[in-house]
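Pasted below: query.txt, compact mmCIF, C-alpha atoms.
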```txt
# COMPACT_ATOMS: atom_id res chain seq x y z
CA MET A 1 1.22 38.16 -1.71
CA TYR A 2 -0.55 39.82 1.20
CA GLU A 3 1.12 41.62 4.07
CA GLY A 4 2.62 39.72 7.04
CA ALA A 5 -0.10 38.19 9.24
CA VAL A 6 -2.68 37.56 6.48
CA GLN A 7 -0.17 35.78 4.25
CA GLU A 8 1.14 33.81 7.23
CA LEU A 9 -2.41 32.61 7.99
CA ILE A 10 -3.02 31.68 4.33
CA ASP A 11 0.25 29.72 4.26
CA GLU A 12 -0.60 27.84 7.47
CA LEU A 13 -4.16 27.03 6.36
CA GLY A 14 -2.82 25.85 3.01
CA ARG A 15 -0.80 23.18 4.78
CA LEU A 16 -3.96 21.48 6.07
CA PRO A 17 -5.19 18.38 4.19
CA GLY A 18 -7.59 19.08 1.33
CA ILE A 19 -7.09 22.86 1.45
CA GLY A 20 -5.56 24.46 -1.63
CA PRO A 21 -4.34 28.06 -2.03
CA LYS A 22 -7.77 29.43 -3.05
CA SER A 23 -9.58 27.72 -0.16
CA ALA A 24 -6.87 28.93 2.24
CA GLN A 25 -7.38 32.49 1.04
CA ARG A 26 -11.17 32.22 1.39
CA ILE A 27 -10.93 30.82 4.94
CA ALA A 28 -8.35 33.47 5.92
CA PHE A 29 -10.68 36.28 4.81
CA HIS A 30 -13.60 34.63 6.57
CA ILE A 31 -11.53 34.63 9.77
CA LEU A 32 -10.71 38.33 9.24
CA ASP A 33 -14.40 39.21 8.87
CA ALA A 34 -15.67 36.92 11.63
CA ASP A 35 -16.70 37.86 15.16
CA PRO A 36 -13.58 37.92 17.43
CA ALA A 37 -15.36 35.80 20.09
CA ASP A 38 -16.04 33.01 17.55
CA MET A 39 -12.42 33.02 16.45
CA LYS A 40 -11.25 32.97 20.09
CA ARG A 41 -13.27 29.77 20.55
CA LEU A 42 -11.61 28.27 17.46
CA VAL A 43 -8.15 29.21 18.76
CA ASP A 44 -8.96 27.74 22.19
CA ALA A 45 -10.26 24.51 20.59
CA VAL A 46 -7.04 24.11 18.59
CA THR A 47 -4.87 24.91 21.64
CA ASN A 48 -6.82 22.52 23.87
CA VAL A 49 -6.70 19.64 21.42
CA LYS A 50 -2.92 19.94 21.20
CA GLU A 51 -2.43 20.39 24.96
CA ARG A 52 -4.98 18.02 26.44
CA VAL A 53 -5.48 15.18 24.00
CA LYS A 54 -3.08 12.28 24.11
CA PHE A 55 -3.24 8.60 23.22
CA CYS A 56 -4.63 5.96 25.59
CA SER A 57 -1.74 4.03 27.11
CA ILE A 58 -3.69 0.75 26.73
CA CYS A 59 -5.47 0.86 23.36
CA GLY A 60 -3.94 3.86 21.53
CA ASN A 61 -7.25 5.64 21.06
CA VAL A 62 -7.39 9.44 21.51
CA SER A 63 -8.09 10.39 25.12
CA GLU A 64 -7.85 13.34 27.49
CA GLN A 65 -6.63 11.12 30.30
CA ASP A 66 -3.96 8.46 30.53
CA THR A 67 -6.53 5.82 29.55
CA CYS A 68 -9.61 6.33 27.35
CA ASN A 69 -13.29 6.11 28.40
CA ILE A 70 -13.70 2.66 26.86
CA CYS A 71 -10.67 1.13 28.59
CA ARG A 72 -11.78 2.64 31.94
CA ASP A 73 -15.41 1.48 31.64
CA PRO A 74 -15.92 -1.63 33.85
CA ARG A 75 -19.12 -2.53 31.96
CA ARG A 76 -17.19 -3.26 28.76
CA ASP A 77 -16.50 -6.91 28.00
CA PRO A 78 -12.83 -7.53 28.88
CA THR A 79 -12.69 -10.84 26.95
CA ALA A 80 -12.92 -9.38 23.40
CA ILE A 81 -10.57 -6.98 21.63
CA CYS A 82 -11.45 -5.37 18.32
CA VAL A 83 -8.35 -4.31 16.35
CA VAL A 84 -8.84 -1.21 14.16
CA GLU A 85 -6.56 1.02 12.08
CA GLU A 86 -7.55 4.49 13.34
CA SER A 87 -9.45 6.17 16.18
CA LYS A 88 -12.09 7.13 13.60
CA ASP A 89 -12.86 3.43 13.17
CA VAL A 90 -13.60 3.09 16.92
CA ILE A 91 -16.31 5.76 16.57
CA ALA A 92 -17.72 4.02 13.46
CA ILE A 93 -18.02 0.68 15.31
CA GLU A 94 -19.37 2.34 18.47
CA ARG A 95 -22.19 3.85 16.38
CA THR A 96 -23.37 0.31 15.50
CA ARG A 97 -23.82 -0.58 19.23
CA SER A 98 -23.07 -4.18 18.23
CA PHE A 99 -19.77 -4.53 20.04
CA ARG A 100 -19.36 -4.24 23.81
CA GLY A 101 -15.71 -5.28 24.09
CA ARG A 102 -12.58 -3.12 24.02
CA TYR A 103 -10.45 -1.82 21.18
CA HIS A 104 -6.87 -1.69 20.00
CA VAL A 105 -5.86 1.06 17.60
CA LEU A 106 -2.93 0.07 15.36
CA GLY A 107 -2.27 3.56 14.00
CA GLY A 108 -2.53 2.57 10.32
CA ALA A 109 -2.10 -0.44 8.04
CA ILE A 110 0.96 -2.19 6.65
CA ASN A 111 1.92 -0.40 3.44
CA PRO A 112 5.48 -1.20 2.31
CA ILE A 113 5.42 1.32 -0.59
CA GLY A 114 4.48 4.05 1.90
CA GLY A 115 7.31 2.87 4.19
CA VAL A 116 4.92 1.48 6.84
CA GLY A 117 5.91 -1.95 8.09
CA PRO A 118 4.70 -3.94 11.13
CA GLU A 119 7.30 -2.15 13.31
CA GLN A 120 5.64 1.23 12.69
CA LEU A 121 2.27 -0.02 14.01
CA ARG A 122 1.18 -0.77 17.59
CA ILE A 123 1.44 -4.54 17.13
CA LYS A 124 3.93 -5.07 19.96
CA GLU A 125 1.51 -3.32 22.35
CA LEU A 126 -1.27 -5.66 21.16
CA LEU A 127 0.87 -8.70 21.91
CA ASN A 128 1.61 -7.30 25.37
CA ARG A 129 -2.12 -6.95 26.03
CA LEU A 130 -2.68 -10.59 25.05
CA SER A 131 -0.63 -11.82 28.00
CA ASP A 132 -3.83 -11.04 29.98
CA LYS A 133 -5.50 -14.46 30.34
CA GLN A 134 -9.01 -12.90 30.27
CA ILE A 135 -8.93 -12.32 26.49
CA GLU A 136 -10.92 -14.93 24.58
CA GLU A 137 -11.41 -13.39 21.14
CA ILE A 138 -9.69 -10.95 18.81
CA ILE A 139 -11.75 -9.35 16.07
CA ILE A 140 -9.70 -7.82 13.25
CA ALA A 141 -11.58 -4.82 11.86
CA THR A 142 -8.95 -3.28 9.58
CA ASP A 143 -10.27 -1.57 6.43
CA PRO A 144 -11.62 -3.94 3.74
CA ASN A 145 -8.99 -2.75 1.25
CA LEU A 146 -5.75 -4.40 0.20
CA GLU A 147 -3.57 -2.86 2.93
CA GLY A 148 -6.19 -3.74 5.55
CA GLU A 149 -6.42 -7.33 4.29
CA ALA A 150 -2.64 -7.73 4.29
CA THR A 151 -2.48 -6.34 7.84
CA ALA A 152 -5.18 -8.83 8.89
CA THR A 153 -3.21 -11.67 7.25
CA TYR A 154 -0.07 -10.61 9.13
CA LEU A 155 -1.89 -10.36 12.47
CA ALA A 156 -3.70 -13.69 11.99
CA ARG A 157 -0.40 -15.43 11.25
CA MET A 158 1.23 -13.87 14.32
CA LEU A 159 -1.70 -14.52 16.66
CA LYS A 160 -2.14 -18.13 15.55
CA ALA A 161 0.74 -19.20 17.78
CA ILE A 162 -0.90 -17.62 20.85
CA GLY A 163 -3.98 -19.81 20.49
CA ILE A 164 -6.67 -17.13 20.98
CA PRO A 165 -9.50 -17.33 18.38
CA VAL A 166 -9.09 -14.60 15.75
CA SER A 167 -11.98 -13.46 13.56
CA ARG A 168 -12.25 -10.94 10.71
CA LEU A 169 -15.17 -8.67 9.89
CA ALA A 170 -17.30 -10.04 7.02
CA SER A 171 -16.95 -8.58 3.52
CA GLY A 172 -19.57 -8.68 0.84
CA LEU A 173 -22.30 -6.80 -0.95
CA PRO A 174 -23.28 -3.34 0.29
CA VAL A 175 -26.90 -2.87 1.30
CA GLY A 176 -28.83 -0.98 -1.38
CA GLY A 177 -26.74 -2.03 -4.40
CA ASP A 178 -27.38 -4.07 -7.54
CA LEU A 179 -25.70 -7.46 -7.88
CA GLU A 180 -24.67 -6.86 -11.50
CA TYR A 181 -22.46 -3.92 -10.49
CA ALA A 182 -20.52 -5.87 -7.86
CA ASP A 183 -16.93 -6.61 -8.85
CA GLU A 184 -15.53 -10.16 -8.83
CA VAL A 185 -13.63 -9.83 -5.56
CA THR A 186 -16.58 -8.40 -3.59
CA LEU A 187 -19.03 -10.93 -5.07
CA GLY A 188 -16.55 -13.76 -4.41
CA ARG A 189 -16.24 -12.65 -0.77
CA ALA A 190 -20.02 -12.49 -0.47
CA PHE A 191 -20.23 -16.10 -1.68
CA GLU A 192 -17.53 -17.24 0.74
CA GLY A 193 -19.28 -15.51 3.63
CA ARG A 194 -22.86 -16.52 2.72
CA ARG A 195 -25.15 -17.47 5.60
CA ILE A 196 -27.77 -20.17 5.86
CA LEU A 197 -31.34 -18.86 6.02
CA THR A 198 -33.19 -22.12 6.64
CA MET B 199 -20.20 21.15 -27.81
CA SER B 200 -19.11 20.31 -24.29
CA ASN B 201 -20.25 16.69 -24.80
CA ARG B 202 -18.08 16.36 -27.89
CA SER B 203 -15.01 17.68 -26.11
CA PHE B 204 -15.65 15.32 -23.20
CA ALA B 205 -15.88 12.38 -25.65
CA SER B 206 -12.68 13.39 -27.40
CA ARG B 207 -10.84 13.41 -24.08
CA THR B 208 -12.06 9.90 -23.21
CA TYR B 209 -9.81 6.93 -23.81
CA ARG B 210 -9.73 3.27 -22.90
CA ASP B 211 -6.79 1.11 -21.83
CA GLN B 212 -5.87 -1.85 -19.73
CA GLY B 213 -3.74 -1.16 -16.67
CA VAL B 214 -2.31 -2.50 -13.46
CA ILE B 215 -2.77 -0.49 -10.26
CA LEU B 216 0.65 0.22 -8.77
CA ARG B 217 -0.31 2.31 -5.75
CA THR B 218 -3.05 4.49 -4.32
CA HIS B 219 -3.17 7.70 -2.27
CA LYS B 220 -6.11 9.07 -0.32
CA LEU B 221 -7.57 12.28 -1.74
CA GLY B 222 -10.14 14.44 0.01
CA GLU B 223 -13.19 12.88 1.68
CA ALA B 224 -13.70 9.68 -0.29
CA ASP B 225 -11.49 9.83 -3.41
CA ARG B 226 -8.17 8.27 -4.26
CA ILE B 227 -5.36 9.07 -6.66
CA ILE B 228 -4.53 5.84 -8.50
CA THR B 229 -1.11 5.34 -10.07
CA LEU B 230 -1.52 2.99 -13.02
CA LEU B 231 0.81 1.35 -15.49
CA THR B 232 -1.15 0.96 -18.70
CA LYS B 233 -0.52 -1.13 -21.79
CA GLN B 234 -0.57 1.74 -24.30
CA HIS B 235 -0.35 5.02 -22.37
CA GLY B 236 2.48 4.22 -19.95
CA GLN B 237 2.24 5.46 -16.38
CA ILE B 238 -0.91 7.44 -15.54
CA ARG B 239 -2.11 9.16 -12.38
CA ALA B 240 -5.87 9.33 -12.24
CA VAL B 241 -8.54 10.26 -9.70
CA ALA B 242 -11.12 7.64 -8.75
CA LYS B 243 -14.02 9.59 -7.28
CA GLY B 244 -15.89 8.17 -4.30
CA VAL B 245 -13.85 4.94 -4.40
CA ARG B 246 -13.46 4.82 -0.61
CA ARG B 247 -17.20 4.69 0.00
CA THR B 248 -18.49 1.16 0.63
CA SER B 249 -21.17 1.77 -2.01
CA SER B 250 -18.63 2.73 -4.70
CA LYS B 251 -19.20 1.11 -8.09
CA PHE B 252 -15.46 0.51 -8.36
CA GLY B 253 -15.39 -1.92 -5.42
CA ALA B 254 -12.06 -3.75 -5.31
CA VAL B 255 -11.19 -3.10 -8.98
CA LEU B 256 -8.93 -0.13 -8.22
CA GLU B 257 -7.00 -1.75 -5.37
CA PRO B 258 -3.23 -2.25 -5.78
CA PHE B 259 -2.04 -5.28 -7.81
CA MET B 260 -5.36 -5.56 -9.68
CA VAL B 261 -5.48 -5.46 -13.49
CA ALA B 262 -8.45 -3.66 -14.96
CA ASP B 263 -9.99 -2.53 -18.21
CA LEU B 264 -10.40 1.21 -17.72
CA GLN B 265 -12.23 4.11 -19.23
CA LEU B 266 -10.49 7.40 -18.45
CA VAL B 267 -10.93 11.08 -19.19
CA SER B 268 -7.78 13.13 -19.54
CA GLY B 269 -7.58 16.19 -17.32
CA ARG B 270 -5.14 19.04 -16.81
CA SER B 271 -2.89 17.42 -14.22
CA LEU B 272 -4.72 14.21 -13.30
CA ASP B 273 -6.99 12.01 -15.40
CA ILE B 274 -10.32 10.71 -14.07
CA VAL B 275 -11.38 7.07 -13.97
CA THR B 276 -14.97 6.85 -15.19
CA GLN B 277 -15.41 3.07 -15.58
CA ALA B 278 -13.39 0.06 -14.52
CA GLN B 279 -13.83 -3.64 -15.02
CA MET B 280 -11.68 -6.32 -13.42
CA VAL B 281 -9.39 -8.30 -15.70
CA GLY B 282 -7.00 -9.91 -13.23
CA PRO B 283 -7.95 -9.97 -9.52
CA TYR B 284 -4.36 -10.78 -8.47
CA GLY B 285 -4.54 -8.64 -5.33
CA ARG B 286 -7.01 -11.02 -3.68
CA ASP B 287 -4.60 -13.96 -3.46
CA ILE B 288 -1.57 -11.73 -2.88
CA ALA B 289 -3.11 -10.02 0.19
CA ALA B 290 -3.94 -13.43 1.69
CA ASP B 291 -0.22 -14.22 2.01
CA TYR B 292 2.02 -11.67 3.73
CA THR B 293 5.23 -12.82 1.98
CA LYS B 294 3.58 -12.40 -1.43
CA TYR B 295 2.21 -9.00 -0.38
CA THR B 296 5.61 -7.57 0.51
CA SER B 297 7.12 -8.93 -2.75
CA ALA B 298 4.25 -7.49 -4.83
CA ALA B 299 4.70 -4.09 -3.13
CA ALA B 300 8.41 -4.08 -4.13
CA ILE B 301 7.49 -5.08 -7.71
CA CYS B 302 4.97 -2.23 -8.03
CA GLU B 303 7.26 0.37 -6.46
CA THR B 304 10.05 -0.61 -8.87
CA ALA B 305 7.65 -0.46 -11.84
CA GLU B 306 6.51 2.99 -10.73
CA LYS B 307 10.08 4.30 -10.47
CA LEU B 308 11.15 2.75 -13.80
CA THR B 309 8.21 4.10 -15.79
CA ASP B 310 7.68 7.57 -14.28
CA ALA B 311 9.99 9.19 -16.83
CA ASP B 312 10.60 6.47 -19.40
CA GLY B 313 7.53 6.08 -21.62
CA GLU B 314 9.29 4.03 -24.30
CA SER B 315 9.69 0.78 -22.41
CA ALA B 316 6.35 1.10 -20.55
CA GLY B 317 4.62 -1.53 -22.75
CA ALA B 318 7.33 -4.10 -22.05
CA GLN B 319 7.38 -3.15 -18.34
CA TYR B 320 3.61 -3.66 -18.23
CA GLY B 321 4.01 -7.22 -19.51
CA LEU B 322 6.66 -7.95 -16.89
CA VAL B 323 4.57 -6.59 -13.99
CA ILE B 324 1.50 -8.57 -15.07
CA GLY B 325 3.58 -11.73 -15.42
CA ALA B 326 5.15 -11.29 -11.98
CA LEU B 327 1.86 -10.49 -10.19
CA SER B 328 0.10 -13.38 -11.92
CA ALA B 329 2.90 -15.79 -10.93
CA LEU B 330 2.77 -14.51 -7.35
CA SER B 331 -0.98 -14.91 -7.05
CA ARG B 332 -0.87 -18.44 -8.49
CA SER B 333 2.13 -19.44 -6.28
CA VAL B 334 4.00 -20.76 -9.33
CA HIS B 335 7.42 -20.15 -7.74
CA ALA B 336 8.77 -18.91 -4.39
CA PRO B 337 7.80 -15.21 -3.94
CA GLU B 338 11.41 -14.09 -3.40
CA LEU B 339 12.49 -15.74 -6.70
CA ILE B 340 9.65 -14.09 -8.61
CA LEU B 341 10.62 -10.72 -7.11
CA ASP B 342 14.33 -11.02 -7.89
CA SER B 343 13.67 -12.32 -11.40
CA TYR B 344 11.27 -9.43 -12.02
CA LEU B 345 13.77 -6.86 -10.71
CA LEU B 346 16.57 -8.14 -12.96
CA ARG B 347 14.37 -8.37 -16.05
CA ALA B 348 12.74 -4.98 -15.42
CA LEU B 349 16.19 -3.37 -15.13
CA ALA B 350 17.29 -5.17 -18.31
CA THR B 351 14.18 -3.85 -20.13
CA ALA B 352 14.94 -0.33 -18.89
CA GLY B 353 18.42 -0.57 -20.42
CA TRP B 354 20.47 -1.71 -17.42
CA ALA B 355 20.87 -5.38 -18.30
CA PRO B 356 23.31 -7.03 -15.90
CA SER B 357 25.84 -9.56 -17.13
CA PHE B 358 26.44 -12.74 -15.17
CA ASP B 359 28.15 -15.09 -17.63
CA GLN B 360 30.79 -12.75 -19.05
CA CYS B 361 32.82 -9.87 -17.67
CA ALA B 362 30.72 -6.71 -17.69
CA ARG B 363 33.78 -4.61 -18.56
CA CYS B 364 35.95 -6.58 -21.04
CA GLY B 365 33.49 -9.26 -22.15
CA GLU B 366 35.69 -12.21 -21.22
CA PRO B 367 33.52 -15.33 -20.98
CA GLY B 368 32.93 -16.60 -17.42
CA PRO B 369 32.14 -17.97 -14.99
CA HIS B 370 33.58 -15.15 -12.87
CA THR B 371 33.80 -14.91 -9.11
CA ALA B 372 33.34 -11.16 -8.53
CA PHE B 373 30.28 -8.93 -8.76
CA ASN B 374 30.28 -5.17 -9.10
CA ALA B 375 27.01 -3.24 -9.34
CA PRO B 376 28.42 0.02 -10.83
CA LEU B 377 30.22 -1.91 -13.61
CA GLY B 378 27.08 -3.91 -14.45
CA GLY B 379 27.41 -7.41 -12.99
CA ALA B 380 30.11 -10.09 -13.01
CA VAL B 381 33.70 -8.94 -13.48
CA CYS B 382 36.82 -10.95 -14.32
CA HIS B 383 39.91 -11.11 -12.13
CA ASP B 384 41.74 -8.39 -14.13
CA CYS B 385 38.83 -5.91 -14.26
CA ARG B 386 37.70 -6.42 -10.68
CA PRO B 387 37.72 -3.07 -8.83
CA PRO B 388 38.42 -2.99 -5.09
CA GLY B 389 35.29 -3.45 -2.98
CA SER B 390 33.61 -5.88 -5.41
CA ALA B 391 31.48 -8.65 -3.88
CA SER B 392 32.65 -12.27 -4.14
CA PRO B 393 29.49 -14.36 -4.33
CA ALA B 394 29.41 -18.16 -4.37
CA PRO B 395 29.40 -19.78 -7.84
CA GLN B 396 25.85 -21.11 -7.17
CA THR B 397 24.70 -17.52 -6.52
CA MET B 398 26.04 -16.39 -9.91
CA GLN B 399 24.28 -19.34 -11.57
CA LEU B 400 21.04 -18.45 -9.79
CA LEU B 401 21.31 -14.79 -10.87
CA ALA B 402 21.83 -15.86 -14.49
CA ALA B 403 18.86 -18.24 -14.23
CA LEU B 404 16.64 -15.47 -12.77
CA LEU B 405 17.61 -13.07 -15.54
CA SER B 406 16.93 -15.58 -18.31
CA ALA B 407 13.80 -16.98 -16.56
CA ASP B 408 15.35 -20.46 -16.35
CA TRP B 409 12.83 -21.53 -13.70
CA PRO B 410 13.82 -25.21 -13.28
CA ALA B 411 17.33 -24.05 -12.28
CA ALA B 412 16.02 -21.21 -10.08
CA ASP B 413 13.49 -23.42 -8.29
CA ALA B 414 16.19 -25.98 -7.52
CA SER B 415 18.43 -23.38 -5.79
CA ALA B 416 19.22 -23.57 -2.06
CA THR B 417 18.39 -20.93 0.60
CA GLY B 418 21.99 -19.62 0.91
CA PRO B 419 22.44 -18.61 -2.75
CA ARG B 420 18.89 -17.16 -2.80
CA ARG B 421 19.68 -14.90 0.13
CA GLU B 422 23.01 -13.81 -1.36
CA ALA B 423 21.42 -13.23 -4.78
CA ALA B 424 18.69 -11.07 -3.18
CA GLY B 425 21.34 -8.82 -1.59
CA LEU B 426 23.18 -8.42 -4.91
CA VAL B 427 19.96 -7.72 -6.84
CA ALA B 428 18.97 -5.07 -4.26
CA SER B 429 22.38 -3.37 -4.49
CA TYR B 430 22.26 -3.48 -8.31
CA LEU B 431 18.74 -2.03 -8.35
CA GLN B 432 19.46 0.80 -5.93
CA TRP B 433 22.67 1.73 -7.71
CA HIS B 434 20.89 2.14 -11.05
CA LEU B 435 17.69 3.71 -9.75
CA GLU B 436 19.81 6.15 -7.70
CA ARG B 437 17.21 6.06 -4.91
CA THR B 438 16.13 3.77 -2.13
CA LEU B 439 13.05 1.62 -2.49
CA LYS B 440 10.98 1.93 0.68
CA SER B 441 9.29 -1.43 0.23
CA LEU B 442 12.47 -3.46 -0.28
CA LYS B 443 13.42 -3.46 3.41
CA HIS B 444 9.97 -4.83 4.30
CA VAL B 445 10.20 -7.80 1.91
CA GLU B 446 9.85 -11.03 3.84
CA ARG B 447 12.25 -13.71 2.73
CA VAL B 448 12.21 -17.35 3.81
```

Here is a file; write its structure as structure tokens.
Amino acid sequence: MYEGAVQELIDELGRLPGIGPKSAQRIAFHILDADPADMKRLVDAVTNVKERVKFCSICGNVSEQDTCNICRDPRRDPTAICVVEESKDVIAIERTRSFRGRYHVLGGAINPIGGVGPEQLRIKELLNRLSDKQIEEIIIATDPNLEGEATATYLARMLKAIGIPVSRLASGLPVGGDLEYADEVTLGRAFEGRRILT
Amino acid sequence: MSNRSFASRTYRDQGVILRTHKLGEADRIITLLTKQHGQIRAVAKGVRRTSSKFGAVLEPFMVADLQLVSGRSLDIVTQAQMVGPYGRDIAADYTKYTSAAAICETAEKLTDADGESAGAQYGLVIGALSALSRSVHAPELILDSYLLRALATAGWAPSFDQCARCGEPGPHTAFNAPLGGAVCHDCRPPGSASPAPQTMQLLAALLSADWPAADASATGPRREAAGLVASYLQWHLERTLKSLKHVERV
């Protein structure tokens, strides 16, 4: 155990995800040795992120204003909504530059064992957005794992009654892999989603 | 030398994936119920990357043939091959998904300390997940039948055709979870439930896997039976199952 402030810093750092006691100690001593101006910037960045950043009132993405850049941008296609689990997924899709519509961040996926049901996600907010007659397509881009698939199944069932076309991102073989190493589920999905070349 | 010790720590088993937790950048901790080694927690490295060799094999509700290396606190999954891709059909139906989640959470709680009955529990979980994925019976019946049989295997067999306290042959009209099932008029403690006779018959059918009788049951007894099974389960497990309140019933 170290004295007061050092131990307090180690304890706080140790509560961060992926940081164990040894890493916490190493980071704490790095902070002690570092230039005070650099550490002031780190402190300001942490303070600012907690004070300024909130969630977009429309899509749930992180934003410094009441609505995020994407929801405010008039050049974005207002007829398509892409439903994702986390804000990180918005960035991943934006990097592709393939989608020009708007997003809806659910805040996770349905995981009953983890205590997350449909009520804990922003599904009600999505339904509220769909009362806007402009929307013509919903693209479900939840993770291609079991929780993501189940969430997509739940959303598709719920949105069927509304009558707006709902699509799901394709699943299949990763680029750069060997066919023989693909598991049955992935290969099966690739067959289901095959496309005609000629 | 190091190669030999690595080889001696390697073992192979068949297991069902009960749940997963994210770990670090791209890893997951997989909780497995295996045929021979009981419940295991193992790390699957890089499984969250789209290029992972594991693909969908280590997703919940899947049954896989696994190669593992034992570690200090967690084992490591080195190879995995799909045996039963039950998760695929289960995730395509939300009702099945919520039932399968409750089955796996129960299996996890029942086998985390009890290694003795793990082999039998494994058989029950596989049977239930396989039946769910093939839509052999209604998902809520498969769930309730699994819960009763899993509790019976763990040593908490309920009694529905004779009094759980004095053994008097039934049918009886009262149900008491702490006493262990149906109770006769004389043994009935205050606060016992009074289910319909059809509900008691359904519970007995679910416990003995009398599927023709269970499939023929009406919605009312199914709903009542589900409530009694849940109360019986939570009483004996002494903790709440998070997934049970999310189970979708028709």

Give the answer as one residue: which of B:His219, B:Arg447, B:Arg421, B:Arg437 has the shortest atom-to-atom distance to chain A, using all atoms listed in the file?
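Between B:His219, B:Arg447, B:Arg421, B:Arg437, the residue approaching chain A most closely is B:His219.
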
Output the contact residues of chain B with respect to chain A at a cut-off of 10 Å, based on all atoms listed in the file, as a count of residues only.
54

Quick one, how far is CA of Ile70 in chain A from CA of Ile91 in chain A?
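Result for CA of Ile70 in chain A versus CA of Ile91 in chain A: 11.1 Å, one decimal.
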
Can you measure CA of Leu401 in chain B to CA of Asp287 in chain B for me? One decimal in Å is fine.
27.0 Å

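Note that the spacing between CA of Glu446 in chain B and CA of Ala403 in chain B amounts to 21.4 Å.
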
Applying 7 Å and all atoms listed in the file, which residues near Thr371 in chain B remain after dropping the ones on its own chain fewer than 5 positions away? List them as a ChimeraX atom specification.
/B:392-393,395

Taking only C-alpha atoms into account, name the residue in B:Ile238, B:Ala311, B:Ala412, B:Leu426 that is nearest to Ala352 in chain B.
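Checking each of B:Ile238, B:Ala311, B:Ala412, B:Leu426 against Ala352 in chain B, counting only C-alpha atoms, the winner is B:Ala311.
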
Give me the residues within 12 Å of Phe29 in chain A as a PyMOL selection string, counting all atoms listed in the file and dropping any in the same chain fewer than 3 places off.
chain A and resi 2+5-7+9-10+13+22-26+32-34

Show me, as an MDAnalysis selection string, the residues that have an atom within 10 Å of Gln360 in chain B when counting all atoms listed in the file, minus same-chain residues fewer than 2 positions from it.
chainID B and resid 356:358 362:370 379:382

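Considering the residues B:Ala318, B:Ala375, B:Ala402, B:Leu346 and counting all atoms listed in the file, Asp359 in chain B has its shortest atom-to-atom contact with B:Ala402.
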
Contacts of Ala355 in chain B at 9 Å (all atoms listed in the file; same-chain gap of 3+ positions) as a ChimeraX atom specification:
/B:346-352,378-379,405

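In this comparison, which uses only C-alpha atoms, the residue of A:Cys59, A:Met1, A:Met39, A:Val46 approaching His104 in chain A most closely is A:Cys59.
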
For the point (9.3, -3.9, -15.1) in file coordinates, what residues are within 6 Å, counting all atoms listed in the file? Give the answer as a JSON list (two decimals) with C-alpha atoms, in the frame of the given file?
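Below is the file result-v7.json, written as the result:
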```
[["chain", "number", "residue", "atom", "x", "y", "z"],
["B", 305, "ALA", "CA", 7.65, -0.46, -11.84],
["B", 319, "GLN", "CA", 7.38, -3.15, -18.34],
["B", 322, "LEU", "CA", 6.66, -7.95, -16.89],
["B", 323, "VAL", "CA", 4.57, -6.59, -13.99],
["B", 348, "ALA", "CA", 12.74, -4.98, -15.42]]
```

Considering only C-alpha atoms, can you say which of B:Asp384, B:Asp408, B:Asp273, B:Glu314 comes closest to Ser343 in chain B?
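Nearest candidate to Ser343 in chain B out of B:Asp384, B:Asp408, B:Asp273, B:Glu314: B:Asp408.
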